[in-house]
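Visitor: Structure supplied as start34.cif; contents: mmCIF, C-alpha atoms.
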```cif
data_structure
loop_
_atom_site.label_atom_id
_atom_site.label_comp_id
_atom_site.auth_asym_id
_atom_site.auth_seq_id
_atom_site.Cartn_x
_atom_site.Cartn_y
_atom_site.Cartn_z
CA MET B 1 0.00 0.00 0.00
CA THR B 2 1.39 3.41 -0.94
CA ALA B 3 1.53 6.28 1.51
CA ARG B 4 -1.30 8.74 1.19
CA SER B 5 -0.86 12.48 1.61
CA ALA B 6 -3.24 15.37 2.07
CA LEU B 7 -3.17 19.15 2.17
CA LEU B 8 -5.37 21.05 4.62
CA ILE B 9 -5.97 24.68 3.66
CA VAL B 10 -7.27 26.49 6.74
CA ASP B 11 -9.63 29.46 6.37
CA VAL B 12 -8.15 31.29 3.37
CA GLN B 13 -11.19 33.54 3.29
CA ASN B 14 -11.85 37.17 2.43
CA ASP B 15 -12.57 38.20 6.02
CA PHE B 16 -9.19 36.84 7.16
CA THR B 17 -7.13 38.51 4.42
CA GLU B 18 -6.15 42.15 4.03
CA GLY B 19 -9.20 44.42 4.06
CA GLY B 20 -11.46 41.80 5.68
CA ALA B 21 -13.26 42.02 9.01
CA LEU B 22 -10.34 40.23 10.71
CA GLY B 23 -7.71 40.57 8.00
CA VAL B 24 -4.12 39.56 8.70
CA ASP B 25 -1.02 40.79 6.90
CA GLY B 26 0.13 38.19 4.42
CA GLY B 27 -3.26 36.54 3.96
CA ALA B 28 -3.46 37.25 0.23
CA ALA B 29 0.11 35.98 -0.18
CA VAL B 30 -0.93 32.71 1.50
CA ALA B 31 -3.78 32.37 -1.02
CA ARG B 32 -1.40 32.93 -3.94
CA GLY B 33 1.25 30.64 -2.44
CA VAL B 34 -1.16 27.75 -1.92
CA SER B 35 -2.40 28.15 -5.50
CA ASP B 36 1.19 28.10 -6.76
CA LEU B 37 1.93 24.98 -4.69
CA LEU B 38 -1.07 23.18 -6.16
CA ALA B 39 -0.21 24.26 -9.71
CA GLU B 40 3.44 23.19 -9.43
CA HIS B 41 2.80 19.94 -7.56
CA SER B 42 -0.66 18.86 -8.67
CA ASP B 43 0.16 15.19 -8.05
CA ARG B 44 1.62 15.62 -4.54
CA TYR B 45 -1.66 15.20 -2.66
CA ASP B 46 -4.31 12.49 -2.72
CA LEU B 47 -6.72 14.84 -0.93
CA VAL B 48 -6.92 18.62 -0.83
CA ILE B 49 -9.26 19.76 1.93
CA ALA B 50 -10.18 23.38 2.64
CA SER B 51 -11.88 24.63 5.77
CA ARG B 52 -13.92 27.77 6.14
CA ASP B 53 -15.46 29.61 9.05
CA TRP B 54 -19.16 29.50 8.23
CA HIS B 55 -20.89 31.30 11.07
CA ASP B 56 -24.65 31.47 11.47
CA PRO B 57 -26.02 34.88 10.44
CA ASP B 58 -28.66 35.35 13.14
CA SER B 59 -26.65 34.19 16.15
CA ASP B 60 -23.73 35.21 18.32
CA ASN B 61 -22.38 31.72 17.52
CA ASP B 62 -22.11 30.66 21.17
CA GLY B 63 -20.51 33.96 22.18
CA HIS B 64 -17.96 33.97 19.34
CA PHE B 65 -19.35 37.28 18.04
CA ALA B 66 -18.94 40.08 20.58
CA SER B 67 -22.11 41.82 21.71
CA GLY B 68 -20.10 44.99 22.41
CA ASP B 69 -16.40 45.68 22.03
CA PRO B 70 -14.60 42.42 21.15
CA ASP B 71 -11.74 41.24 23.35
CA PHE B 72 -10.01 39.48 20.40
CA VAL B 73 -9.35 36.48 22.66
CA THR B 74 -12.68 34.81 23.30
CA ASN B 75 -14.94 36.96 21.11
CA TRP B 76 -14.55 38.78 17.83
CA PRO B 77 -16.23 41.21 15.45
CA VAL B 78 -18.77 39.66 13.10
CA HIS B 79 -16.89 37.73 10.39
CA CYS B 80 -17.27 34.88 7.90
CA VAL B 81 -21.05 34.81 8.03
CA ALA B 82 -22.41 31.95 5.90
CA ASP B 83 -23.07 32.80 2.26
CA THR B 84 -21.46 36.27 2.42
CA ASP B 85 -18.49 37.62 0.50
CA GLY B 86 -16.47 37.63 3.74
CA ALA B 87 -16.92 33.86 4.08
CA ALA B 88 -15.91 33.21 0.45
CA TYR B 89 -12.47 31.88 -0.38
CA HIS B 90 -9.96 34.60 -1.26
CA PRO B 91 -10.04 35.11 -5.06
CA ALA B 92 -6.32 34.27 -5.38
CA LEU B 93 -6.96 30.77 -3.99
CA THR B 94 -7.49 28.35 -6.86
CA THR B 95 -10.26 26.06 -5.66
CA SER B 96 -10.41 23.60 -8.57
CA ALA B 97 -7.97 21.18 -6.85
CA ILE B 98 -9.95 21.12 -3.59
CA THR B 99 -11.53 17.69 -3.13
CA HIS B 100 -13.43 18.44 0.10
CA HIS B 101 -14.82 21.62 1.68
CA VAL B 102 -15.25 21.67 5.46
CA LYS B 103 -17.46 24.30 7.11
CA LYS B 104 -16.88 25.07 10.79
CA GLY B 105 -18.18 27.47 13.40
CA GLN B 106 -21.81 26.96 12.52
CA GLY B 107 -23.39 28.28 15.69
CA ALA B 108 -20.12 27.81 17.60
CA HIS B 109 -16.58 29.13 17.94
CA GLY B 110 -15.07 26.57 15.55
CA TYR B 111 -11.32 27.20 15.62
CA SER B 112 -10.23 23.72 14.53
CA ALA B 113 -11.12 22.33 11.12
CA PHE B 114 -11.70 19.06 12.97
CA GLU B 115 -14.84 20.63 14.46
CA GLY B 116 -16.41 21.11 11.02
CA ILE B 117 -18.23 18.97 8.50
CA THR B 118 -18.64 18.80 4.74
CA ASP B 119 -22.01 19.41 3.10
CA ALA B 120 -22.28 15.60 2.88
CA GLY B 121 -21.83 15.35 6.68
CA GLU B 122 -18.25 14.03 6.61
CA ARG B 123 -15.88 14.93 9.44
CA LEU B 124 -12.25 15.84 8.75
CA ALA B 125 -10.89 12.98 10.89
CA ASP B 126 -12.87 10.51 8.77
CA LEU B 127 -11.60 12.06 5.53
CA LEU B 128 -8.03 11.67 6.80
CA ASP B 129 -8.44 7.99 7.68
CA GLY B 130 -5.52 6.20 6.01
CA VAL B 131 -3.56 9.42 5.33
CA ASP B 132 0.09 9.15 6.39
CA GLN B 133 1.17 12.77 5.89
CA LEU B 134 -0.84 15.96 6.27
CA ASP B 135 0.51 19.33 5.20
CA ILE B 136 -1.23 22.38 6.67
CA ALA B 137 -1.33 25.91 5.26
CA GLY B 138 -3.61 28.84 5.97
CA ILE B 139 -4.83 31.53 8.32
CA ALA B 140 -4.36 32.35 11.17
CA THR B 141 -1.21 30.69 12.45
CA ASP B 142 -1.96 31.63 16.04
CA HIS B 143 -5.63 30.62 16.03
CA CYS B 144 -7.24 28.25 13.52
CA VAL B 145 -4.01 26.83 12.03
CA ARG B 146 -2.78 26.18 15.58
CA ALA B 147 -6.02 24.50 16.69
CA SER B 148 -6.28 22.41 13.52
CA GLY B 149 -2.62 21.37 13.74
CA LEU B 150 -2.91 20.35 17.39
CA ASP B 151 -5.91 18.18 16.57
CA ALA B 152 -4.17 16.74 13.50
CA VAL B 153 -1.19 15.37 15.43
CA GLY B 154 -3.56 12.98 17.18
CA VAL B 155 -5.03 11.75 13.88
CA VAL B 156 -2.30 11.63 11.20
CA PRO B 157 1.16 10.04 11.73
CA GLN B 158 3.08 12.96 10.16
CA VAL B 159 1.83 16.54 10.30
CA ARG B 160 3.78 19.30 8.58
CA ILE B 161 3.05 23.01 8.90
CA LEU B 162 4.09 24.80 5.71
CA GLY B 163 5.79 27.75 7.39
CA GLU B 164 5.85 29.98 4.32
CA LEU B 165 2.17 29.35 3.63
CA VAL B 166 0.69 30.53 6.92
CA ALA B 167 -0.10 34.02 8.21
CA GLY B 168 -0.94 35.00 11.76
CA VAL B 169 -2.51 37.78 13.75
CA GLY B 170 0.61 38.57 15.78
CA ASP B 171 4.29 37.79 15.28
CA GLU B 172 4.90 36.69 18.86
CA SER B 173 1.71 34.64 19.16
CA SER B 174 2.39 33.00 15.78
CA ARG B 175 5.93 32.03 16.83
CA ALA B 176 4.52 30.61 20.07
CA ALA B 177 1.90 28.64 18.13
CA LEU B 178 4.54 27.13 15.83
CA GLN B 179 6.71 26.24 18.83
CA GLU B 180 3.72 24.56 20.51
CA LEU B 181 2.91 22.63 17.34
CA ALA B 182 6.53 21.47 17.03
CA ALA B 183 6.58 20.41 20.69
CA ARG B 184 3.48 18.30 20.05
CA GLY B 185 5.13 16.52 17.10
CA ALA B 186 4.32 18.62 14.03
CA VAL B 187 7.20 19.42 11.68
CA ILE B 188 7.55 23.05 10.63
CA VAL B 189 8.85 23.24 7.05
#
```
Take the structure I supplied and represent it as structure tokens, if you would.

Guide:
Amino acid sequence: MTARSALLIVDVQNDFTEGGALGVDGGAAVARGVSDLLAEHSDRYDLVIASRDWHDPDSDNDGHFASGDPDFVTNWPVHCVADTDGAAYHPALTTSAITHHVKKGQGAHGYSAFEGITDAGERLADLLDGVDQLDIAGIATDHCVRASGLDAVGVVPQVRILGELVAGVGDESSRAALQELAARGAVIV
């Protein structure tokens, strides 16, 4: 049996890139970089899975949306509301290679892609059954990439964070997230 590999693209969405409700510096570059990776190495991955925040429009999503001023730790400004432009993939992200789309944060916080489901009801852990290596790219290093990576190390034998294809909210918190991921067994490449 040959080794199977997968790419997880975490939350490369308009609201998390420059100009979005919670835009991070370098978000658009991540979208372009992931597209370049997929164009140059189209045969590298057996699965290409993309997650998106997909928050309910008429809800605070279990306190995820701040009712007043957000603290940017446990609650946030309204972002990535289902079926809005902010929840759409960034236009520089080529989506034709994506084999599975995972929506998370539906009525909840939803930091980890492992908390989401596909439209067909599939969970990420089930999609990754039999995958030997998972590469992770996306936004934000210090939040959803971190949470997804920490969950991944318990599911997939080898987890790699593609260090040039992630962007975070803060430099220090992103470095700390990468250090935590490495300490838990992920490889930062």

Visitor: Measuring atom to atom with all atoms listed in the file, identify which of B:Glu115, B:Asp126, B:Glu180, B:Glu164 is nearest to B:Ala29.

Guide: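 Among B:Glu115, B:Asp126, B:Glu180, B:Glu164, it is B:Glu164 that comes nearest to B:Ala29.
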
Visitor: Using all atoms listed in the file, which residue out of B:Ser51, B:Asn75, B:Thr84, B:Gln133 lies closest to B:Gly20?

Guide: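 For B:Gly20, the nearest of the given residues is B:Thr84.
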
Visitor: Looking at B:Gly68, B:Pro157, B:Gly116, B:Gly185, which one is nearest to B:Ile49, with distances taken over all atoms listed in the file?

Guide: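 When distances to B:Ile49 are compared using all atoms listed in the file, the smallest one comes from B:Gly116.
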
Visitor: What's around B:His79 at 8 Å? Count only C-alpha atoms, leave out sequence neighbours fewer than 3 positions away in its own chain, and write the answer as a ChimeraX atom specification.

Guide: /B:15,21-22,55,76,86-87

Visitor: Can you write out the residues you just picked, keeping C-alpha atoms, as a PDB file, keeping the file's coordinate frame?

Guide:
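So the final result, stored in selection.pdb, reads:
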```
ATOM      1  CA  ASP B  15     -12.570  38.200   6.020  1.00  0.00           C
ATOM      2  CA  ALA B  21     -13.260  42.020   9.010  1.00  0.00           C
ATOM      3  CA  LEU B  22     -10.340  40.230  10.710  1.00  0.00           C
ATOM      4  CA  HIS B  55     -20.890  31.300  11.070  1.00  0.00           C
ATOM      5  CA  TRP B  76     -14.550  38.780  17.830  1.00  0.00           C
ATOM      6  CA  GLY B  86     -16.470  37.630   3.740  1.00  0.00           C
ATOM      7  CA  ALA B  87     -16.920  33.860   4.080  1.00  0.00           C
TER       8      ALA B  87
END
```

Visitor: Please evaluate the PyMOL selection byres ((chain B and resi 148) around 12) against the displayed coordinates and give the resulting residues as a PyMOL selection string.

Guide: chain B and resi 8-11+50-52+104+110-116+124-125+134-147+149-156+159-161+177+181+186

Visitor: Name the residues, using the chain letters and numbers of the file, that sit within 6 Å of (-1.9, 14.2, 1.1) when counting all atoms listed in the file, and give them as a list in words.

Guide: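 Protein and nucleic acid residues near the point are Arg4, Ser5, Ala6, Leu7, Tyr45, Asp46, Leu47, Gln133 and Leu134 of chain B.
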
Visitor: Can you measure atom CA of B:His41 to atom CA of B:Asn14 for me? One decimal in Å is fine.

Guide: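 We find that atom CA of B:His41 and atom CA of B:Asn14 lie 24.7 Å from each other.
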
Visitor: What gap, in Å, lies between atom CA of B:Gln106 and atom CA of B:Val78?

Guide: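 Separation between atom CA of B:Gln106 and atom CA of B:Val78: 13.1 Å.
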
Visitor: Counting all atoms listed in the file, find the residues whose atoms lie at most 7 Å from (2.9, 34.8, 2.7) (file coordinates) and write them out as an MDAnalysis selection string.

Guide: chainID B and resid 26:27 29:30 33 164:167

Visitor: For each of B:Ala108, B:Val169, B:Ala31, B:Ala39, take the minimum atom-to-atom distance to B:Trp54, counting only C-alpha atoms, then give the residue where this is smallest.

Guide: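 Once distances to B:Trp54 are computed over only C-alpha atoms, the minimum belongs to B:Ala108.
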
Visitor: Atom CA of B:Val48 and atom CA of B:Ala3, how far apart in Å?

Guide: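 Computing the Euclidean distance for atom CA of B:Ala3 and atom CA of B:Val48 yields 15.1 Å.
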
Visitor: Since the input is missing atoms for stretch 32-57 of chain B, could you rebuild it with N, CA, C and O atoms and give the result as a PDB file, keeping the file's coordinate frame?

Guide:
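File produced: out-v8.pdb:
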```
ATOM      1  N   ARG B  32      -2.189  33.083  -2.712  1.00  0.00           N
ATOM      2  CA  ARG B  32      -1.400  32.930  -3.940  1.00  0.00           C
ATOM      3  C   ARG B  32      -0.399  31.783  -3.813  1.00  0.00           C
ATOM      4  O   ARG B  32      -0.216  30.982  -4.732  1.00  0.00           O
ATOM      5  N   GLY B  33       0.248  31.675  -2.657  1.00  0.00           N
ATOM      6  CA  GLY B  33       1.250  30.640  -2.440  1.00  0.00           C
ATOM      7  C   GLY B  33       0.665  29.238  -2.480  1.00  0.00           C
ATOM      8  O   GLY B  33       1.261  28.315  -3.048  1.00  0.00           O
ATOM      9  N   VAL B  34      -0.510  29.061  -1.886  1.00  0.00           N
ATOM     10  CA  VAL B  34      -1.160  27.750  -1.920  1.00  0.00           C
ATOM     11  C   VAL B  34      -1.551  27.409  -3.355  1.00  0.00           C
ATOM     12  O   VAL B  34      -1.363  26.274  -3.812  1.00  0.00           O
ATOM     13  N   SER B  35      -2.052  28.389  -4.095  1.00  0.00           N
ATOM     14  CA  SER B  35      -2.400  28.150  -5.500  1.00  0.00           C
ATOM     15  C   SER B  35      -1.179  27.766  -6.313  1.00  0.00           C
ATOM     16  O   SER B  35      -1.236  26.859  -7.148  1.00  0.00           O
ATOM     17  N   ASP B  36      -0.058  28.443  -6.058  1.00  0.00           N
ATOM     18  CA  ASP B  36       1.190  28.100  -6.760  1.00  0.00           C
ATOM     19  C   ASP B  36       1.642  26.686  -6.408  1.00  0.00           C
ATOM     20  O   ASP B  36       2.067  25.928  -7.280  1.00  0.00           O
ATOM     21  N   LEU B  37       1.560  26.323  -5.124  1.00  0.00           N
ATOM     22  CA  LEU B  37       1.930  24.980  -4.690  1.00  0.00           C
ATOM     23  C   LEU B  37       1.105  23.934  -5.425  1.00  0.00           C
ATOM     24  O   LEU B  37       1.637  22.946  -5.941  1.00  0.00           O
ATOM     25  N   LEU B  38      -0.188  24.145  -5.498  1.00  0.00           N
ATOM     26  CA  LEU B  38      -1.070  23.180  -6.160  1.00  0.00           C
ATOM     27  C   LEU B  38      -0.819  23.122  -7.661  1.00  0.00           C
ATOM     28  O   LEU B  38      -0.900  22.051  -8.263  1.00  0.00           O
ATOM     29  N   ALA B  39      -0.485  24.248  -8.272  1.00  0.00           N
ATOM     30  CA  ALA B  39      -0.210  24.260  -9.710  1.00  0.00           C
ATOM     31  C   ALA B  39       1.111  23.548 -10.023  1.00  0.00           C
ATOM     32  O   ALA B  39       1.201  22.797 -10.999  1.00  0.00           O
ATOM     33  N   GLU B  40       2.117  23.769  -9.185  1.00  0.00           N
ATOM     34  CA  GLU B  40       3.440  23.190  -9.430  1.00  0.00           C
ATOM     35  C   GLU B  40       3.529  21.720  -9.043  1.00  0.00           C
ATOM     36  O   GLU B  40       4.348  20.983  -9.588  1.00  0.00           O
ATOM     37  N   HIS B  41       2.721  21.314  -8.081  1.00  0.00           N
ATOM     38  CA  HIS B  41       2.800  19.940  -7.560  1.00  0.00           C
ATOM     39  C   HIS B  41       1.405  19.324  -7.509  1.00  0.00           C
ATOM     40  O   HIS B  41       0.976  18.838  -6.462  1.00  0.00           O
ATOM     41  N   SER B  42       0.728  19.314  -8.624  1.00  0.00           N
ATOM     42  CA  SER B  42      -0.660  18.860  -8.670  1.00  0.00           C
ATOM     43  C   SER B  42      -0.822  17.391  -8.264  1.00  0.00           C
ATOM     44  O   SER B  42      -1.890  16.978  -7.836  1.00  0.00           O
ATOM     45  N   ASP B  43       0.253  16.620  -8.380  1.00  0.00           N
ATOM     46  CA  ASP B  43       0.160  15.190  -8.050  1.00  0.00           C
ATOM     47  C   ASP B  43       0.685  14.854  -6.649  1.00  0.00           C
ATOM     48  O   ASP B  43       0.741  13.693  -6.270  1.00  0.00           O
ATOM     49  N   ARG B  44       1.028  15.850  -5.865  1.00  0.00           N
ATOM     50  CA  ARG B  44       1.620  15.620  -4.540  1.00  0.00           C
ATOM     51  C   ARG B  44       0.593  15.091  -3.535  1.00  0.00           C
ATOM     52  O   ARG B  44       0.931  14.333  -2.636  1.00  0.00           O
ATOM     53  N   TYR B  45      -0.666  15.503  -3.678  1.00  0.00           N
ATOM     54  CA  TYR B  45      -1.660  15.200  -2.660  1.00  0.00           C
ATOM     55  C   TYR B  45      -2.789  14.328  -3.191  1.00  0.00           C
ATOM     56  O   TYR B  45      -3.319  14.577  -4.266  1.00  0.00           O
ATOM     57  N   ASP B  46      -3.154  13.326  -2.401  1.00  0.00           N
ATOM     58  CA  ASP B  46      -4.310  12.490  -2.720  1.00  0.00           C
ATOM     59  C   ASP B  46      -5.613  13.208  -2.380  1.00  0.00           C
ATOM     60  O   ASP B  46      -6.635  12.982  -3.030  1.00  0.00           O
ATOM     61  N   LEU B  47      -5.561  14.047  -1.352  1.00  0.00           N
ATOM     62  CA  LEU B  47      -6.720  14.840  -0.930  1.00  0.00           C
ATOM     63  C   LEU B  47      -6.277  16.277  -0.726  1.00  0.00           C
ATOM     64  O   LEU B  47      -5.192  16.533  -0.207  1.00  0.00           O
ATOM     65  N   VAL B  48      -7.130  17.208  -1.115  1.00  0.00           N
ATOM     66  CA  VAL B  48      -6.920  18.620  -0.830  1.00  0.00           C
ATOM     67  C   VAL B  48      -8.210  19.090  -0.156  1.00  0.00           C
ATOM     68  O   VAL B  48      -9.275  19.127  -0.780  1.00  0.00           O
ATOM     69  N   ILE B  49      -8.094  19.419   1.117  1.00  0.00           N
ATOM     70  CA  ILE B  49      -9.260  19.760   1.930  1.00  0.00           C
ATOM     71  C   ILE B  49      -9.125  21.219   2.362  1.00  0.00           C
ATOM     72  O   ILE B  49      -8.063  21.631   2.824  1.00  0.00           O
ATOM     73  N   ALA B  50     -10.185  21.978   2.208  1.00  0.00           N
ATOM     74  CA  ALA B  50     -10.180  23.380   2.640  1.00  0.00           C
ATOM     75  C   ALA B  50     -11.264  23.584   3.679  1.00  0.00           C
ATOM     76  O   ALA B  50     -12.390  23.104   3.526  1.00  0.00           O
ATOM     77  N   SER B  51     -10.895  24.282   4.750  1.00  0.00           N
ATOM     78  CA  SER B  51     -11.880  24.630   5.770  1.00  0.00           C
ATOM     79  C   SER B  51     -12.247  26.100   5.633  1.00  0.00           C
ATOM     80  O   SER B  51     -11.478  26.903   5.111  1.00  0.00           O
ATOM     81  N   ARG B  52     -13.463  26.389   6.091  1.00  0.00           N
ATOM     82  CA  ARG B  52     -13.920  27.770   6.140  1.00  0.00           C
ATOM     83  C   ARG B  52     -14.740  27.990   7.405  1.00  0.00           C
ATOM     84  O   ARG B  52     -15.548  27.144   7.775  1.00  0.00           O
ATOM     85  N   ASP B  53     -14.517  29.145   8.046  1.00  0.00           N
ATOM     86  CA  ASP B  53     -15.460  29.610   9.050  1.00  0.00           C
ATOM     87  C   ASP B  53     -16.770  29.835   8.305  1.00  0.00           C
ATOM     88  O   ASP B  53     -16.776  30.404   7.203  1.00  0.00           O
ATOM     89  N   TRP B  54     -17.867  29.414   8.906  1.00  0.00           N
ATOM     90  CA  TRP B  54     -19.160  29.500   8.230  1.00  0.00           C
ATOM     91  C   TRP B  54     -20.214  29.785   9.299  1.00  0.00           C
ATOM     92  O   TRP B  54     -21.087  28.981   9.585  1.00  0.00           O
ATOM     93  N   HIS B  55     -20.091  30.980   9.893  1.00  0.00           N
ATOM     94  CA  HIS B  55     -20.890  31.300  11.070  1.00  0.00           C
ATOM     95  C   HIS B  55     -22.345  31.597  10.717  1.00  0.00           C
ATOM     96  O   HIS B  55     -22.646  32.153   9.658  1.00  0.00           O
ATOM     97  N   ASP B  56     -23.221  31.222  11.646  1.00  0.00           N
ATOM     98  CA  ASP B  56     -24.650  31.470  11.470  1.00  0.00           C
ATOM     99  C   ASP B  56     -24.915  32.978  11.466  1.00  0.00           C
ATOM    100  O   ASP B  56     -24.355  33.722  12.282  1.00  0.00           O
ATOM    101  N   PRO B  57     -25.791  33.444  10.569  1.00  0.00           N
ATOM    102  CA  PRO B  57     -26.020  34.880  10.440  1.00  0.00           C
ATOM    103  C   PRO B  57     -26.843  35.505  11.567  1.00  0.00           C
ATOM    104  O   PRO B  57     -26.633  36.666  11.895  1.00  0.00           O
TER     105      PRO B  57
END
```
